[in-house]
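Printed here is protein.tsv (TSV, C-alpha atoms):
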chain	number	residue	atom	x	y	z
A	1	LEU	CA	-7.21	-221.76	-47.22
A	2	HIS	CA	-4.99	-224.66	-46.12
A	3	ALA	CA	-3.12	-222.43	-43.66
A	4	TRP	CA	-6.44	-221.01	-42.42
A	5	CYS	CA	-7.75	-224.54	-41.83
A	6	LEU	CA	-4.61	-225.41	-39.86
A	7	LEU	CA	-5.19	-222.32	-37.74
A	8	LEU	CA	-8.95	-222.61	-37.11
A	9	GLY	CA	-9.71	-226.21	-37.99
A	10	VAL	CA	-12.24	-227.42	-40.53
A	11	THR	CA	-15.75	-226.18	-39.73
A	12	LEU	CA	-18.65	-224.79	-41.69
A	13	TRP	CA	-17.37	-221.30	-40.82
A	14	THR	CA	-13.75	-221.77	-41.87
A	15	GLY	CA	-14.10	-220.70	-45.50
A	16	LEU	CA	-16.63	-217.98	-44.70
A	17	THR	CA	-14.46	-216.29	-42.07
A	18	LEU	CA	-11.49	-216.27	-44.44
A	19	ASN	CA	-13.65	-214.72	-47.17
A	20	ILE	CA	-14.93	-212.09	-44.74
A	21	LEU	CA	-11.36	-211.20	-43.82
A	22	MET	CA	-10.38	-210.89	-47.49
A	23	SER	CA	-13.50	-208.80	-48.19
A	24	LEU	CA	-12.52	-206.37	-45.43
A	25	VAL	CA	-9.03	-206.03	-46.93
A	26	THR	CA	-10.57	-205.56	-50.38
A	27	ALA	CA	-12.88	-202.87	-48.98
A	28	ALA	CA	-9.88	-200.99	-47.57
A	29	CYS	CA	-8.06	-201.20	-50.91
A	30	LEU	CA	-11.20	-200.19	-52.80
A	31	LEU	CA	-11.51	-197.16	-50.53
A	32	GLY	CA	-7.94	-196.22	-51.39
A	33	LEU	CA	-8.54	-196.71	-55.11
A	34	ALA	CA	-11.74	-194.63	-55.02
A	35	ARG	CA	-10.04	-191.79	-53.14
A	36	THR	CA	-7.24	-191.82	-55.70
A	37	VAL	CA	-9.49	-191.62	-58.76
A	38	LEU	CA	-12.38	-189.55	-57.34
A	39	GLY	CA	-10.51	-187.20	-55.02
A	40	ASN	CA	-13.45	-187.14	-52.62
A	41	ARG	CA	-13.70	-189.02	-49.30
A	42	VAL	CA	-17.49	-189.16	-49.22
A	43	GLU	CA	-17.74	-190.51	-52.76
A	44	ALA	CA	-14.94	-193.00	-52.05
A	45	ALA	CA	-16.78	-194.24	-48.97
A	46	ALA	CA	-19.98	-194.52	-51.02
A	47	VAL	CA	-18.25	-196.68	-53.64
A	48	THR	CA	-16.91	-198.98	-50.93
A	49	LEU	CA	-20.30	-199.19	-49.24
A	50	VAL	CA	-22.09	-199.94	-52.52
A	51	TRP	CA	-19.75	-202.86	-53.20
A	52	PHE	CA	-19.74	-204.15	-49.63
A	53	LEU	CA	-23.55	-204.17	-49.30
A	54	ALA	CA	-24.33	-205.63	-52.73
A	55	SER	CA	-26.02	-209.03	-52.55
A	56	CYS	CA	-23.66	-210.32	-55.28
A	57	THR	CA	-20.67	-209.51	-53.08
A	58	ILE	CA	-22.27	-211.26	-50.11
A	59	GLU	CA	-23.19	-214.31	-52.17
A	60	THR	CA	-19.66	-214.59	-53.55
A	61	SER	CA	-18.26	-214.66	-50.01
A	62	LEU	CA	-20.51	-217.59	-49.08
A	63	HIS	CA	-18.49	-219.93	-51.32
A	64	ALA	CA	-15.11	-221.31	-50.26
A	65	ARG	CA	-13.64	-220.46	-53.64
A	66	PRO	CA	-10.87	-218.06	-54.76
A	67	TYR	CA	-13.19	-215.36	-56.11
A	68	ASP	CA	-12.89	-213.00	-53.12
A	69	LEU	CA	-9.12	-213.17	-53.43
A	70	LEU	CA	-9.40	-212.58	-57.17
A	71	ALA	CA	-11.39	-209.40	-56.51
A	72	LEU	CA	-8.70	-208.24	-54.05
A	73	TRP	CA	-5.87	-208.59	-56.59
A	74	SER	CA	-7.97	-206.85	-59.25
A	75	VAL	CA	-8.62	-203.85	-57.00
A	76	LEU	CA	-4.94	-203.66	-56.04
A	77	LEU	CA	-3.92	-203.80	-59.70
A	78	LEU	CA	-6.25	-200.92	-60.64
A	79	TRP	CA	-5.07	-198.90	-57.66
A	80	ILE	CA	-1.46	-199.25	-58.79
A	81	ALA	CA	-2.44	-198.47	-62.39
A	82	ALA	CA	-4.46	-195.40	-61.37
A	83	LYS	CA	-1.48	-193.96	-59.48
A	84	MET	CA	0.74	-194.56	-62.50
A	85	VAL	CA	-1.76	-192.91	-64.86
A	86	ILE	CA	-2.44	-189.87	-62.68
A	87	GLN	CA	1.03	-189.16	-61.35
A	88	PRO	CA	3.43	-187.40	-63.75
A	89	GLY	CA	6.66	-189.01	-64.82
A	90	ARG	CA	7.65	-192.63	-65.02
A	91	PRO	CA	6.65	-195.10	-62.27
A	92	GLY	CA	9.14	-195.80	-59.50
A	93	ILE	CA	10.87	-199.09	-58.85
A	94	ARG	CA	8.64	-199.82	-55.83
A	95	GLN	CA	5.50	-199.44	-57.90
A	96	LEU	CA	6.92	-201.74	-60.59
A	97	MET	CA	7.89	-204.37	-58.03
A	98	LEU	CA	4.46	-204.20	-56.41
A	99	LEU	CA	2.84	-204.52	-59.83
A	100	ALA	CA	4.89	-207.66	-60.56
A	101	ILE	CA	3.92	-209.17	-57.19
A	102	VAL	CA	0.21	-208.47	-57.75
A	103	ALA	CA	0.40	-209.88	-61.28
A	104	ALA	CA	2.04	-213.07	-59.99
A	105	ALA	CA	-0.41	-213.41	-57.10
A	106	GLY	CA	-3.39	-212.85	-59.38
A	107	VAL	CA	-2.29	-215.49	-61.89
A	108	LEU	CA	-1.61	-217.94	-59.05
A	109	THR	CA	-5.14	-217.28	-57.78
A	110	HIS	CA	-7.10	-217.76	-61.01
A	111	TYR	CA	-6.32	-218.48	-64.64
A	112	GLN	CA	-8.53	-215.56	-65.75
A	113	PHE	CA	-6.22	-212.95	-64.23
A	114	PRO	CA	-4.27	-212.44	-67.50
A	115	LEU	CA	-7.54	-211.01	-68.85
A	116	VAL	CA	-7.50	-208.53	-65.97
A	117	LEU	CA	-3.93	-207.50	-66.85
A	118	VAL	CA	-4.74	-207.05	-70.55
A	119	SER	CA	-7.93	-205.10	-69.78
A	120	CYS	CA	-6.03	-202.83	-67.41
A	121	LEU	CA	-3.38	-202.13	-70.05
A	122	LEU	CA	-5.98	-201.37	-72.73
A	123	ALA	CA	-7.90	-199.08	-70.35
A	124	ALA	CA	-4.69	-197.20	-69.54
A	125	LEU	CA	-3.94	-196.81	-73.26
A	126	ALA	CA	-7.46	-195.43	-73.77
A	127	VAL	CA	-7.12	-192.65	-71.18
A	128	MET	CA	-3.51	-191.59	-71.74
A	129	GLY	CA	-2.37	-189.26	-74.48
A	130	ARG	CA	-0.12	-190.44	-77.30
A	131	SER	CA	2.85	-188.65	-75.81
A	132	GLU	CA	2.45	-190.61	-72.56
A	133	VAL	CA	2.10	-194.10	-74.01
A	134	GLY	CA	5.80	-194.71	-73.47
A	135	ARG	CA	5.19	-194.57	-69.72
A	136	LEU	CA	3.35	-197.90	-69.98
A	137	LEU	CA	6.36	-199.83	-71.28
A	138	ALA	CA	7.95	-200.44	-67.89
A	139	PRO	CA	4.64	-201.43	-66.19
A	140	GLY	CA	3.91	-203.80	-69.09
A	141	ILE	CA	7.29	-205.47	-68.70
A	142	SER	CA	6.79	-205.65	-64.94
A	143	ALA	CA	3.43	-207.42	-65.38
A	144	VAL	CA	4.95	-209.90	-67.83
A	145	VAL	CA	7.77	-210.64	-65.38
A	146	GLY	CA	5.21	-211.26	-62.63
A	147	VAL	CA	3.25	-213.68	-64.82
A	148	ALA	CA	6.45	-215.48	-65.84
A	149	LEU	CA	7.52	-215.86	-62.19
A	150	SER	CA	4.15	-217.36	-61.31
A	151	LEU	CA	4.36	-220.21	-63.83
A	152	PRO	CA	7.06	-222.27	-62.02
A	153	LEU	CA	5.10	-221.85	-58.77
A	154	ASN	CA	1.92	-223.20	-60.37
A	155	PRO	CA	2.76	-225.69	-63.13
A	156	TYR	CA	-0.93	-226.65	-63.32
A	157	LEU	CA	-1.96	-223.22	-64.63
A	158	LEU	CA	-1.58	-224.06	-68.31
A	159	GLY	CA	-3.41	-227.33	-67.68
A	160	ALA	CA	-6.32	-225.42	-66.14
A	161	ILE	CA	-6.53	-223.22	-69.23
A	162	GLY	CA	-6.47	-226.34	-71.42
A	163	ARG	CA	-9.26	-227.96	-69.42
A	164	GLN	CA	-11.30	-224.80	-69.76
A	165	GLN	CA	-10.86	-224.94	-73.53
A	166	ASP	CA	-11.84	-228.63	-73.55
A	167	SER	CA	-15.11	-227.74	-71.79
A	168	ALA	CA	-16.07	-225.36	-74.62
A	169	ARG	CA	-19.07	-226.49	-76.63
A	170	THR	CA	-20.04	-226.03	-80.24
A	171	LEU	CA	-21.66	-222.65	-80.79
A	172	ASP	CA	-25.44	-222.96	-80.59
A	173	ALA	CA	-27.02	-219.84	-82.12
A	174	GLY	CA	-30.31	-220.67	-80.42
A	175	GLN	CA	-28.71	-220.42	-76.98
A	176	MET	CA	-26.84	-217.17	-77.55
A	177	LEU	CA	-29.83	-214.94	-76.75
A	178	PRO	CA	-30.73	-216.81	-73.50
A	179	ARG	CA	-27.10	-216.58	-72.40
A	180	PHE	CA	-27.07	-212.88	-73.27
A	181	PHE	CA	-30.11	-212.27	-71.05
A	182	THR	CA	-28.59	-214.40	-68.28
A	183	THR	CA	-25.56	-212.11	-68.37
A	184	LEU	CA	-27.73	-208.98	-68.17
A	185	GLU	CA	-29.77	-210.45	-65.33
A	186	THR	CA	-26.58	-211.22	-63.41
A	187	LEU	CA	-25.34	-207.66	-63.86
A	188	ALA	CA	-28.71	-206.21	-62.83
A	189	GLY	CA	-28.61	-208.50	-59.79
A	190	PHE	CA	-25.88	-206.30	-58.33
A	191	PHE	CA	-28.56	-203.69	-57.65
A	192	ILE	CA	-31.72	-205.77	-57.22
A	193	HIS	CA	-32.41	-209.27	-55.93
A	194	GLU	CA	-34.05	-211.88	-58.17
A	195	SER	CA	-37.00	-212.14	-55.76
A	196	ALA	CA	-38.17	-208.74	-57.06
A	197	GLY	CA	-39.42	-210.55	-60.16
A	198	LYS	CA	-38.52	-210.68	-63.82
A	199	TYR	CA	-40.08	-207.35	-64.76
A	200	ALA	CA	-38.17	-205.46	-62.07
A	201	ILE	CA	-34.94	-207.13	-63.18
A	202	TYR	CA	-35.65	-206.21	-66.81
A	203	LEU	CA	-36.23	-202.61	-65.73
A	204	PHE	CA	-32.86	-202.57	-63.97
A	205	MET	CA	-31.25	-204.16	-67.02
A	206	VAL	CA	-32.44	-201.18	-69.06
A	207	LEU	CA	-31.33	-198.74	-66.36
A	208	VAL	CA	-27.85	-200.30	-66.11
A	209	ALA	CA	-27.44	-200.25	-69.91
A	210	GLY	CA	-28.55	-196.61	-70.00
A	211	ALA	CA	-26.19	-195.79	-67.13
A	212	PHE	CA	-23.24	-197.22	-69.06
A	213	PHE	CA	-24.15	-195.21	-72.16
A	214	LEU	CA	-24.56	-192.02	-70.16
A	215	ALA	CA	-21.34	-192.60	-68.24
A	216	VAL	CA	-19.29	-193.06	-71.41
A	217	ARG	CA	-20.95	-190.07	-73.10
A	218	ARG	CA	-20.39	-187.78	-70.11
A	219	ARG	CA	-17.15	-189.36	-68.87
A	220	ASP	CA	-15.25	-186.08	-68.61
A	221	THR	CA	-18.00	-184.51	-66.52
A	222	ILE	CA	-18.40	-187.42	-64.13
A	223	GLY	CA	-14.63	-187.84	-64.02
A	224	GLY	CA	-14.37	-184.39	-62.45
A	225	ALA	CA	-12.81	-182.47	-65.36
A	226	ALA	CA	-15.51	-179.79	-65.08
A	227	GLU	CA	-14.43	-179.22	-61.46
A	228	GLY	CA	-10.75	-179.02	-62.32
A	229	LYS	CA	-9.96	-182.61	-61.31
A	230	ASP	CA	-7.92	-185.14	-63.27
A	231	SER	CA	-10.57	-187.33	-64.93
A	232	ARG	CA	-8.15	-189.99	-66.16
A	233	GLY	CA	-8.43	-192.11	-63.01
A	234	ALA	CA	-12.22	-192.30	-63.16
A	235	ASN	CA	-12.08	-192.97	-66.90
A	236	LEU	CA	-9.56	-195.74	-66.29
A	237	VAL	CA	-12.00	-197.49	-63.96
A	238	LEU	CA	-14.90	-196.97	-66.37
A	239	PHE	CA	-13.06	-198.37	-69.39
A	240	PHE	CA	-11.66	-201.26	-67.35
A	241	LEU	CA	-15.17	-202.11	-66.18
A	242	ILE	CA	-16.49	-202.23	-69.74
A	243	LEU	CA	-13.55	-204.33	-70.94
A	244	MET	CA	-13.85	-206.85	-68.09
A	245	ILE	CA	-17.57	-207.29	-68.62
A	246	ALA	CA	-16.87	-207.99	-72.29
A	247	ALA	CA	-13.95	-210.32	-71.47
A	248	ILE	CA	-16.11	-212.49	-69.20
A	249	SER	CA	-19.51	-212.30	-70.90
A	250	LEU	CA	-18.50	-212.75	-74.56
A	251	PRO	CA	-16.85	-216.18	-74.02
A	252	TYR	CA	-19.96	-217.21	-72.08
A	253	ILE	CA	-22.37	-216.01	-74.76
A	254	LEU	CA	-20.26	-217.66	-77.50
A	255	HIS	CA	-20.19	-221.01	-75.62
A	256	ILE	CA	-16.45	-220.84	-74.94
A	257	THR	CA	-17.17	-221.16	-71.21
A	258	PRO	CA	-19.66	-223.67	-69.70
A	259	ALA	CA	-23.34	-223.00	-69.17
A	260	HIS	CA	-22.90	-222.66	-65.40
A	261	ALA	CA	-20.10	-220.05	-65.72
A	262	MET	CA	-22.30	-217.01	-65.20
A	263	GLY	CA	-23.37	-215.85	-61.79
A	264	PRO	CA	-22.34	-213.53	-58.96
A	265	ARG	CA	-19.06	-215.28	-58.14
A	266	TYR	CA	-17.99	-215.46	-61.80
A	267	LEU	CA	-18.24	-211.67	-62.00
A	268	SER	CA	-16.38	-211.03	-58.75
A	269	ILE	CA	-13.78	-209.07	-60.72
A	270	VAL	CA	-16.50	-206.76	-62.03
A	271	TRP	CA	-18.39	-205.92	-58.83
A	272	PRO	CA	-15.88	-203.55	-57.16
A	273	PHE	CA	-15.76	-201.42	-60.29
A	274	LEU	CA	-19.47	-201.57	-61.05
A	275	ALA	CA	-19.88	-199.92	-57.65
A	276	PHE	CA	-18.30	-196.79	-59.15
A	277	LEU	CA	-21.07	-196.42	-61.75
A	278	PRO	CA	-23.92	-195.03	-59.59
A	279	VAL	CA	-21.52	-192.80	-57.65
A	280	LEU	CA	-20.10	-191.35	-60.87
A	281	LEU	CA	-23.58	-190.74	-62.26
A	282	VAL	CA	-24.54	-188.84	-59.11
A	283	ARG	CA	-21.96	-186.26	-60.19
A	284	LEU	CA	-24.33	-185.23	-62.98
A	285	ARG	CA	-26.65	-183.81	-60.33
A	286	PRO	CA	-26.13	-180.50	-58.48
A	287	ARG	CA	-23.62	-180.73	-55.65
A	288	ALA	CA	-26.26	-179.94	-53.00
A	289	SER	CA	-28.30	-183.07	-53.83
A	290	ARG	CA	-25.44	-185.56	-54.15
A	291	THR	CA	-25.21	-186.51	-50.48
A	292	LEU	CA	-28.95	-187.20	-50.36
A	293	LEU	CA	-28.78	-189.37	-53.49
A	294	LEU	CA	-25.83	-191.33	-52.13
A	295	GLY	CA	-27.74	-191.86	-48.87
A	296	LEU	CA	-30.79	-193.15	-50.75
A	297	LEU	CA	-28.57	-195.47	-52.78
A	298	SER	CA	-27.02	-196.89	-49.60
A	299	ALA	CA	-30.47	-197.38	-48.03
A	300	TRP	CA	-31.63	-199.25	-51.14
A	301	LEU	CA	-28.62	-201.57	-51.01
A	302	VAL	CA	-29.17	-202.27	-47.32
A	303	LEU	CA	-32.76	-203.26	-48.15
A	304	ASN	CA	-31.57	-205.37	-51.07
A	305	ALA	CA	-28.98	-207.17	-48.93
A	306	THR	CA	-31.58	-207.79	-46.23
A	307	VAL	CA	-33.95	-209.33	-48.78
A	308	PHE	CA	-31.14	-211.50	-50.15
A	309	LEU	CA	-30.16	-212.83	-46.72
A	310	GLY	CA	-33.80	-213.39	-45.80
A	311	VAL	CA	-34.55	-215.32	-48.98
A	312	ARG	CA	-31.39	-217.40	-48.58
A	313	ALA	CA	-32.22	-218.23	-44.94
A	314	TYR	CA	-35.73	-219.29	-46.00
A	315	ARG	CA	-34.37	-221.55	-48.73
A	316	GLU	CA	-31.85	-223.11	-46.36
A	317	ALA	CA	-34.64	-223.80	-43.85
A	318	LYS	CA	-36.69	-225.54	-46.56
A	319	ARG	CA	-33.86	-227.91	-47.51
A	320	PRO	CA	-34.57	-231.58	-46.76
A	321	THR	CA	-32.80	-232.99	-43.71
A	322	LEU	CA	-31.37	-236.45	-43.11
A	323	ASP	CA	-33.98	-237.48	-40.54
A	324	MET	CA	-35.03	-240.28	-42.89
A	325	VAL	CA	-31.66	-241.97	-42.37
A	326	GLY	CA	-32.45	-242.49	-38.73
A	327	PRO	CA	-30.07	-244.75	-36.79
A	328	SER	CA	-28.70	-246.45	-39.92
A	329	ARG	CA	-24.97	-247.13	-39.81
A	330	VAL	CA	-24.74	-247.75	-43.55
A	331	VAL	CA	-25.81	-245.14	-46.10
A	332	LEU	CA	-26.01	-245.47	-49.88
A	333	LEU	CA	-25.62	-242.13	-51.68
A	334	ASP	CA	-26.30	-241.88	-55.42
A	335	ASN	CA	-25.07	-238.32	-55.97
A	336	VAL	CA	-21.41	-237.35	-55.78
A	337	ALA	CA	-21.72	-233.76	-57.01
A	338	ARG	CA	-19.54	-231.33	-55.07
A	339	GLY	CA	-22.60	-229.33	-54.08
A	340	ILE	CA	-24.40	-232.42	-52.73
A	341	LEU	CA	-21.93	-234.98	-51.38
A	342	PRO	CA	-20.10	-232.78	-48.82
A	343	GLY	CA	-23.33	-231.30	-47.47
A	344	VAL	CA	-24.89	-234.73	-46.96
A	345	VAL	CA	-21.83	-236.45	-45.52
A	346	TRP	CA	-21.21	-233.55	-43.12
A	347	GLN	CA	-24.52	-234.25	-41.36
A	348	LEU	CA	-23.84	-237.97	-40.82
A	349	PRO	CA	-22.17	-239.42	-37.71
A	350	ASP	CA	-18.43	-239.98	-38.04
A	351	ASP	CA	-18.72	-243.78	-37.77
A	352	THR	CA	-21.29	-244.09	-40.59
A	353	ILE	CA	-20.30	-246.41	-43.44
A	354	ILE	CA	-20.98	-244.58	-46.71
A	355	LEU	CA	-21.05	-245.93	-50.24
A	356	ALA	CA	-21.18	-242.99	-52.63
A	357	ALA	CA	-21.29	-243.26	-56.42
A	358	ASP	CA	-23.33	-241.89	-59.30
A	359	GLN	CA	-26.49	-243.73	-60.33
A	360	PRO	CA	-25.16	-245.35	-63.54
A	361	TYR	CA	-22.24	-246.88	-61.62
A	362	LEU	CA	-24.51	-248.20	-58.87
A	363	LEU	CA	-26.85	-249.79	-61.42
A	364	GLU	CA	-23.96	-251.37	-63.30
A	365	HIS	CA	-22.28	-252.67	-60.10
A	366	PRO	CA	-25.03	-253.80	-57.70
A	367	GLY	CA	-22.71	-256.17	-55.84
A	368	PRO	CA	-21.19	-253.70	-53.33
A	369	TRP	CA	-24.59	-252.52	-52.13
Would you give me this structure, written as structure tokens?
Amino acid sequence: LHAWCLLLGVTLWTGLTLNILMSLVTAACLLGLARTVLGNRVEAAAVTLVWFLASCTIETSLHARPYDLLALWSVLLLWIAAKMVIQPGRPGIRQLMLLAIVAAAGVLTHYQFPLVLVSCLLAALAVMGRSEVGRLLAPGISAVVGVALSLPLNPYLLGAIGRQQDSARTLDAGQMLPRFFTTLETLAGFFIHESAGKYAIYLFMVLVAGAFFLAVRRRDTIGGAAEGKDSRGANLVLFFLILMIAAISLPYILHITPAHAMGPRYLSIVWPFLAFLPVLLVRLRPRASRTLLLGLLSAWLVLNATVFLGVRAYREAKRPTLDMVGPSRVVLLDNVARGILPGVVWQLPDDTIILAADQPYLLEHPGPW
């Protein structure tokens, strides 16, 4: 982001354009991953389109945060893992070096990436036979080497993990169920916008849960085994998806992560792989109807994305402006939250004198203002 700011300058579009660029690269990698595990260009394109058009993906890109980059490294990791699982023999030195680089880059991007590495390893163990488990030794060592190399480059990583642990709260049994439903609503939001209403979201929650159950039960069929294809790649993605949802949602439900740590951007790792779910389920239908179903799915997501952008534009238009400040050269601001302070200060003239502090501080120190 710093290099991008040096190149384009600091504007309201700087972070967004960088995220769009990373999303395009992620889409290309996701297309490659989907072609590897599905063996079908149309289905691979459908997976990519489902992810790219999802309102959760769009919303994640609207924040100048590392979550788009985190999704990119996750897709690259699964692509490498899928090739290793599907291809016979032991992985080559180039694959192992690339795996180490992706592992290092992912850990440097976000402290949660070790969960991605562990989930990928467990998913690979789940789909490979006992006689092939030895093939995972070299990739495992390569990932560990990548993580170890990243630590000297980011000495603050362990501190970030410690701060995350410090933010954990005492388990409140009464809040576990609301957090559980918040998680389900966030997952359902990948397919339907919140403006559709609670009942529609609850319906999609049931549909998504049923889709997961059906996908696991019929994993060999949807993986392509019935058509003579290697189903291990599709199963790898499916198991990884389940493990990552558990790895992110369980700490949230158990109050290990803060109350705000559930939303589209916090599940950015999940979204590219959740896009596989409807495409895999379409394989349960006769081949002649699959293209039509994929077309209807794409049309639905276009409508959903349009609704999301329309609702967001309406909310932005309803935000209060700073007309009340008028020609004042001195402004007192009693909110320093990162979602408030930058947005307010950005709208003020450059020569405005600003005193910004939280309300308790201002009340305790009235002298400066």
In the coordinate frame of the file, compute which residues have an atom within 10 Å of (-15.1, -207.1, -68.3) when using all atoms listed in the file, and state them as a short mmCIF file (atom, residue, chain, number, x, y, z; two decimals) with C-alpha atoms, in the coordinates of the input.
data_model
loop_
_atom_site.label_atom_id
_atom_site.label_comp_id
_atom_site.auth_asym_id
_atom_site.auth_seq_id
_atom_site.Cartn_x
_atom_site.Cartn_y
_atom_site.Cartn_z
CA LEU A 115 -7.54 -211.01 -68.85
CA VAL A 116 -7.50 -208.53 -65.97
CA SER A 119 -7.93 -205.10 -69.78
CA PHE A 239 -13.06 -198.37 -69.39
CA PHE A 240 -11.66 -201.26 -67.35
CA LEU A 241 -15.17 -202.11 -66.18
CA ILE A 242 -16.49 -202.23 -69.74
CA LEU A 243 -13.55 -204.33 -70.94
CA MET A 244 -13.85 -206.85 -68.09
CA ILE A 245 -17.57 -207.29 -68.62
CA ALA A 246 -16.87 -207.99 -72.29
CA ALA A 247 -13.95 -210.32 -71.47
CA ILE A 248 -16.11 -212.49 -69.20
CA SER A 249 -19.51 -212.30 -70.90
CA LEU A 250 -18.50 -212.75 -74.56
CA LEU A 267 -18.24 -211.67 -62.00
CA ILE A 269 -13.78 -209.07 -60.72
CA VAL A 270 -16.50 -206.76 -62.03
CA PHE A 273 -15.76 -201.42 -60.29
#
Near-A:Leu76 list (12 Å; all atoms listed in the file; drop same-chain fewer than 4 positions) as a PyMOL selection string: chain A and resi 25-34+69-72+80-83+95+98-103+105-106+116-117+120+269+272-273
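Atom pair atom CA of A:Met205 / atom CA of A:Leu274 has a distance of 13.5 Å (rounded to one decimal).
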Shortest interatomic distance to A:Phe191 - which of A:Pro264, A:Gly233, A:Gly134, A:Gly367, counting all atoms listed in the file: A:Pro264
Stretch 328-332 of chain A surroundings by all atoms listed in the file, 10 Å radius, close-in-sequence under 3 positions cut, as a list in words: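 Result of the neighbour search: Met324, Val325, Asn335, Val345, Leu348, Pro349, Asp350, Asp351, Thr352, Ile353, Ile354, Leu355, Ala356, Ala357, Leu362 and Trp369 of chain A.
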Could you save the residues just selected, with C-alpha atoms, as an mmCIF file, in the frame of the given file?
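Wrote it out as out14.cif, contents follow:
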data_model
loop_
_atom_site.group_PDB
_atom_site.id
_atom_site.type_symbol
_atom_site.label_atom_id
_atom_site.label_comp_id
_atom_site.auth_asym_id
_atom_site.auth_seq_id
_atom_site.Cartn_x
_atom_site.Cartn_y
_atom_site.Cartn_z
ATOM 1 C CA MET A 324 -35.030 -240.280 -42.890
ATOM 2 C CA VAL A 325 -31.660 -241.970 -42.370
ATOM 3 C CA ASN A 335 -25.070 -238.320 -55.970
ATOM 4 C CA VAL A 345 -21.830 -236.450 -45.520
ATOM 5 C CA LEU A 348 -23.840 -237.970 -40.820
ATOM 6 C CA PRO A 349 -22.170 -239.420 -37.710
ATOM 7 C CA ASP A 350 -18.430 -239.980 -38.040
ATOM 8 C CA ASP A 351 -18.720 -243.780 -37.770
ATOM 9 C CA THR A 352 -21.290 -244.090 -40.590
ATOM 10 C CA ILE A 353 -20.300 -246.410 -43.440
ATOM 11 C CA ILE A 354 -20.980 -244.580 -46.710
ATOM 12 C CA LEU A 355 -21.050 -245.930 -50.240
ATOM 13 C CA ALA A 356 -21.180 -242.990 -52.630
ATOM 14 C CA ALA A 357 -21.290 -243.260 -56.420
ATOM 15 C CA LEU A 362 -24.510 -248.200 -58.870
ATOM 16 C CA TRP A 369 -24.590 -252.520 -52.130
#
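Here atom CA of A:Ser23 is placed at a distance of 10.0 Å from atom CA of A:Trp51.
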Top pick for closest residue to A:Thr57, considering A:Pro342, A:Pro88, A:Pro368, A:Gly263 and counting only C-alpha atoms: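 Among A:Pro342, A:Pro88, A:Pro368, A:Gly263, it is A:Gly263 that comes nearest to A:Thr57.
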From A:Tyr156, A:Leu236, A:Leu254, A:Gly189, residue lying nearest A:Val127 [all atoms listed in the file]: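 Ranked by minimum distance to A:Val127, first place goes to A:Leu236.
Proximity of A:Val42, A:Val208, A:His2, A:Arg232 to A:Leu277, computed with only C-alpha atoms, is greatest for A:Val208.
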Atom-to-atom span, atom CA of A:Val145 and atom CA of A:Asn19, Å: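 According to the coordinates, atom CA of A:Val145 and atom CA of A:Asn19 are separated by 28.4 Å.
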Residue with smallest distance to A:Phe213 - pool A:Thr14, A:Leu281, A:Val144, A:Ser61, counting all atoms listed in the file: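 Checking each candidate against A:Phe213, we get A:Leu281 as the closest.
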Residue nearest A:Phe276 among A:Thr182, A:Thr11, A:Asn235, A:Gln87 (counting all atoms listed in the file): A:Asn235
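Once stretch 295-305 of chain A and its same-chain neighbours fewer than 3 positions away are set aside, Ala46, Leu49, Val50, Leu53, Ala54, Ser55, Cys56, Ile58, Phe191, Ile192, His193, Pro278, Val279, Arg290, Thr291, Leu292, Phe308, Leu309 and Gly310 of chain A remain within 9 Å of it when counting only C-alpha atoms.
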